[in-house]
Amino acid sequence: MDAIEVLKTRRSVREFRSEPVPRKIIEDIIDCGRLAATANNLQPWEFVVATEREMLRRLAEITDYGKFIAQAGACVVVLCKETKYYLEDGSAATENILLAARAHGLGACWVAGDKKQYAASVCSLVGAPRGYKLVSLIPIGYPVETPEPIKRPVSELLHWEKY
Ligand SMILES: Cc1cc2nc3c(=O)[nH]c(=O)nc-3n(C[C@H](O)[C@H](O)[C@H](O)COP(=O)(O)O)c2cc1C
């Protein structure tokens with residue numbers, strides 16, 4: 001798949017087959033995450049990858065709309081040191097991870113972290129140091145479903161020269 005095809009076919013996947021995701025693939029996905037754009041090149045991110053079923057279940061339980069984390073092959077917990085642009089940086093890394101997962105034939109979904117009441121519980125469960133914020137949780141696995149895109153058309157949102 002070329003980059004444009006990856007971008008155009010990525011969808012949030014919330015149902016996974018049971019087989020594990022090889023570590024080498026996860027490492028490559030994290031490699032793509034750490035190469036994201038980042039304000040002042042601060043790279044404030046850290047990535048905790050949960051693969052043990054019990055940990056995946058506990059993360060799933062803590063979230064409100066992330067119960068499917070329990071069935072994933074792995075879950076990347078994106079943490080950022082609380083810098084001025086931590087949320088933008090962590091979000092850029094999150095999107096890179098979603099796209100890299102797609103490029104590897106995997107499904108993934110952005111599960112909210114920042115601003116959620118459960119953010120502190122997730123940070124404490126994964127042992128995040130003080131001063132780190134939870135940006136997102138990204139369950140990854142071999143997809144069962146291939147959801148259809150529900151997107152606004154380009155003709156509705158593209159404004160040449162002025163709005
Ligand atoms: C900041 C953010 C938080 C999100 N949180 C959740 C979530 O907690 N649970 C979930 O199932 N999906 C979550 N999503 C995924 C969106 O629901 C999804 O991206 C949207 O419905 C568009 O679908 P698509 O990703 O297939 O294009 C989140 C996405 C973003 C960007």
# chains A, B, ... in the order shown; residues from 1 in each chain; ligands from 1
>>> residues_near_ligand(ligand="ligand 1", cutoff="6 Å", atoms="only C-alpha atoms and all ligand atoms", output="count of residues only")
8
>>> residues_around(residues="Val49 in chain A", least_positions_apart="3", cutoff="7 Å", atoms="only C-alpha atoms", output="ChimeraX atom specification")
/A:74-77
>>> residues_around(residues="Val135 in chain A", least_positions_apart="5", cutoff="7 Å", atoms="only C-alpha atoms", output="PyMOL selection string")
chain A and resi 78-80+87+90-91+113-114
>>> select_by_dssp(residues="range 10-162 of chain A", states="strand (DSSP E or B)", output="JSON, numbers by chain")
{"A": [12, 16, 45, 46, 47, 48, 49, 50, 74, 75, 76, 77, 78, 79, 80, 81, 107, 108, 111, 112, 132, 133, 134, 135, 136, 137, 138, 139, 140, 141, 143]}
>>> residues_around(residues="Arg58 in chain A", least_positions_apart="4", cutoff="9 Å", atoms="only C-alpha atoms", output="mmCIF file with N, CA and C atoms, in the first residue's frame")
data_model
loop_
_atom_site.group_PDB
_atom_site.id
_atom_site.type_symbol
_atom_site.label_atom_id
_atom_site.label_comp_id
_atom_site.auth_asym_id
_atom_site.auth_seq_id
_atom_site.Cartn_x
_atom_site.Cartn_y
_atom_site.Cartn_z
ATOM 1 N N ARG A 53 -2.943 -9.998 28.634
ATOM 2 C CA ARG A 53 -4.411 -9.943 28.614
ATOM 3 C C ARG A 53 -4.986 -9.243 29.835
ATOM 4 N N GLU A 54 -4.398 -9.521 31.011
ATOM 5 C CA GLU A 54 -4.934 -8.928 32.239
ATOM 6 C C GLU A 54 -4.789 -7.393 32.205
ATOM 7 N N ILE A 62 -11.150 0.627 32.730
ATOM 8 C CA ILE A 62 -11.006 2.016 33.191
ATOM 9 C C ILE A 62 -11.681 2.999 32.236
ATOM 10 N N THR A 63 -11.604 2.699 30.917
ATOM 11 C CA THR A 63 -12.119 3.663 29.933
ATOM 12 C C THR A 63 -13.644 3.569 29.835
ATOM 13 N N ALA A 70 -9.896 -4.721 25.549
ATOM 14 C CA ALA A 70 -9.722 -6.053 26.158
ATOM 15 C C ALA A 70 -9.447 -7.129 25.111
ATOM 16 N N LEU A 125 -1.797 3.214 36.461
ATOM 17 C CA LEU A 125 -1.738 1.782 36.124
ATOM 18 C C LEU A 125 -0.485 1.440 35.311
#
>>> residues_around(residues="range 142-149 of chain A", least_positions_apart="2", cutoff="7 Å", atoms="only C-alpha atoms", output="PyMOL selection string")
chain A and resi 11+13+15-17+106-107+151
>>> closest_residue(among="A:Val6, A:Ala128, A:Leu99, A:Leu56", to="Ile30 in chain A", atoms="only C-alpha atoms")
A:Leu99
>>> residues_around(residues="Ile97 in chain A", least_positions_apart="2", cutoff="9 Å", atoms="only C-alpha atoms", output="CSV table (one decimal) with all heavy atoms, in the first residue's frame")
chain,number,residue,atom,x,y,z
A,29,ILE,N,5.8,0.2,14.4
A,29,ILE,CA,4.7,1.1,14.5
A,29,ILE,C,5.1,2.2,15.5
A,29,ILE,O,4.8,3.4,15.3
A,29,ILE,CB,3.4,0.4,15.0
A,29,ILE,CG1,2.9,-0.5,13.9
A,29,ILE,CG2,2.4,1.3,15.6
A,29,ILE,CD1,1.8,-1.4,14.2
A,30,ILE,N,5.8,1.9,16.6
A,30,ILE,CA,6.2,2.9,17.5
A,30,ILE,C,7.3,3.8,16.9
A,30,ILE,O,7.4,5.0,17.1
A,30,ILE,CB,6.8,2.2,18.8
A,30,ILE,CG1,5.7,1.4,19.5
A,30,ILE,CG2,7.4,3.3,19.8
A,30,ILE,CD1,4.5,2.2,19.9
A,31,ASP,N,8.1,3.2,16.0
A,31,ASP,CA,9.2,3.9,15.3
A,31,ASP,C,8.5,5.0,14.5
A,31,ASP,O,9.0,6.2,14.4
A,31,ASP,CB,9.9,3.0,14.4
A,31,ASP,CG,11.2,3.6,13.9
A,31,ASP,OD1,11.8,4.4,14.7
A,31,ASP,OD2,11.7,3.2,12.8
A,32,CYS,N,7.4,4.7,13.9
A,32,CYS,CA,6.6,5.7,13.1
A,32,CYS,C,6.0,6.7,14.0
A,32,CYS,O,6.0,7.9,13.6
A,32,CYS,CB,5.5,5.0,12.3
A,32,CYS,SG,6.1,3.9,11.0
A,33,GLY,N,5.6,6.4,15.2
A,33,GLY,CA,5.0,7.3,16.1
A,33,GLY,C,6.1,8.3,16.5
A,33,GLY,O,5.8,9.5,16.6
A,34,ARG,N,7.3,7.9,16.8
A,34,ARG,CA,8.3,8.8,17.3
A,34,ARG,C,8.9,9.7,16.3
A,34,ARG,O,9.6,10.7,16.6
A,34,ARG,CB,9.5,8.0,18.0
A,34,ARG,CG,10.2,7.1,17.0
A,34,ARG,CD,11.7,7.2,17.2
A,34,ARG,NE,12.3,6.4,16.1
A,34,ARG,CZ,13.3,6.9,15.4
A,34,ARG,NH1,13.9,8.0,15.7
A,34,ARG,NH2,13.8,6.2,14.4
A,76,VAL,N,-1.3,0.6,22.7
A,76,VAL,CA,-0.2,1.6,22.9
A,76,VAL,C,-0.8,2.7,23.8
A,76,VAL,O,-1.8,3.3,23.4
A,76,VAL,CB,0.3,2.2,21.6
A,76,VAL,CG1,1.4,3.2,21.8
A,76,VAL,CG2,0.7,1.1,20.7
A,92,ALA,N,-0.2,14.0,17.0
A,92,ALA,CA,0.5,13.8,15.8
A,92,ALA,C,1.1,12.3,15.9
A,92,ALA,O,1.0,11.6,14.9
A,92,ALA,CB,1.6,14.8,15.6
A,93,ALA,N,1.7,12.0,17.0
A,93,ALA,CA,2.3,10.7,17.2
A,93,ALA,C,1.2,9.6,17.1
A,93,ALA,O,1.3,8.5,16.5
A,93,ALA,CB,3.0,10.6,18.5
A,94,THR,N,0.0,9.9,17.7
A,94,THR,CA,-1.1,9.0,17.7
A,94,THR,C,-1.6,8.7,16.3
A,94,THR,O,-1.8,7.5,15.9
A,94,THR,CB,-2.3,9.5,18.5
A,94,THR,OG1,-1.8,9.7,19.9
A,94,THR,CG2,-3.5,8.6,18.5
A,95,GLU,N,-1.7,9.8,15.5
A,95,GLU,CA,-2.1,9.6,14.1
A,95,GLU,C,-1.1,8.7,13.3
A,95,GLU,O,-1.5,7.9,12.5
A,95,GLU,CB,-2.4,10.9,13.4
A,95,GLU,CG,-3.0,10.9,12.0
A,95,GLU,CD,-4.4,10.3,12.0
A,95,GLU,OE1,-5.1,10.3,13.0
A,95,GLU,OE2,-4.9,10.0,10.9
A,99,LEU,N,-1.8,5.2,11.3
A,99,LEU,CA,-1.5,5.0,9.9
A,99,LEU,C,-0.5,3.8,9.7
A,99,LEU,O,-0.7,3.0,8.8
A,99,LEU,CB,-1.0,6.3,9.3
A,99,LEU,CG,-2.1,7.4,9.2
A,99,LEU,CD1,-1.5,8.7,8.9
A,99,LEU,CD2,-3.2,7.0,8.2
A,100,ALA,N,0.4,3.8,10.6
A,100,ALA,CA,1.4,2.7,10.5
A,100,ALA,C,0.8,1.3,10.7
A,100,ALA,O,1.1,0.3,10.1
A,100,ALA,CB,2.6,2.9,11.5
A,101,ALA,N,-0.2,1.3,11.7
A,101,ALA,CA,-0.9,0.0,11.9
A,101,ALA,C,-1.7,-0.4,10.7
A,101,ALA,O,-1.6,-1.5,10.2
A,101,ALA,CB,-1.9,0.2,13.1
A,102,ARG,N,-2.3,0.6,10.0
A,102,ARG,CA,-3.0,0.3,8.8
A,102,ARG,C,-2.1,-0.2,7.7
A,102,ARG,O,-2.4,-1.2,7.0
A,102,ARG,CB,-3.7,1.6,8.3
A,102,ARG,CG,-4.4,1.5,6.9
A,102,ARG,CD,-5.6,0.6,6.9
A,102,ARG,NE,-6.0,0.4,5.5
A,102,ARG,CZ,-6.6,-0.8,5.1
A,102,ARG,NH1,-6.7,-1.8,5.9
A,102,ARG,NH2,-6.9,-0.9,3.9
A,108,ALA,N,-6.8,-0.4,14.2
A,108,ALA,CA,-6.5,0.3,15.4
A,108,ALA,C,-7.6,1.4,15.6
A,108,ALA,O,-8.3,1.7,14.7
A,108,ALA,CB,-5.1,1.0,15.3
A,138,ILE,N,-4.3,3.3,22.2
A,138,ILE,CA,-4.5,2.8,20.8
A,138,ILE,C,-4.5,1.3,20.8
A,138,ILE,O,-3.4,0.7,20.7
A,138,ILE,CB,-3.4,3.4,19.9
A,138,ILE,CG1,-3.2,4.9,20.1
A,138,ILE,CG2,-3.8,3.1,18.4
A,138,ILE,CD1,-2.0,5.4,19.4
>>> closest_residue(among="A:Ser18, A:Thr83, A:Thr9, A:Ser121", to="Thr38 in chain A", atoms="only C-alpha atoms")
A:Thr83
>>> select_by_dssp(residues="range 7-91 of chain A", states="alpha helix (DSSP H)", output="MDAnalysis selection string")
chainID A and resid 7:9 23:34 53:62 86:91
>>> closest_residue(among="A:Ala37, A:Ile69, A:Lys116, A:Val126", to="Tyr85 in chain A", atoms="only C-alpha atoms")
A:Ala37
>>> closest_residue(among="A:Ala50, A:Leu7, A:Leu98, A:Met55", to="Ala36 in chain A", atoms="only C-alpha atoms")
A:Leu98
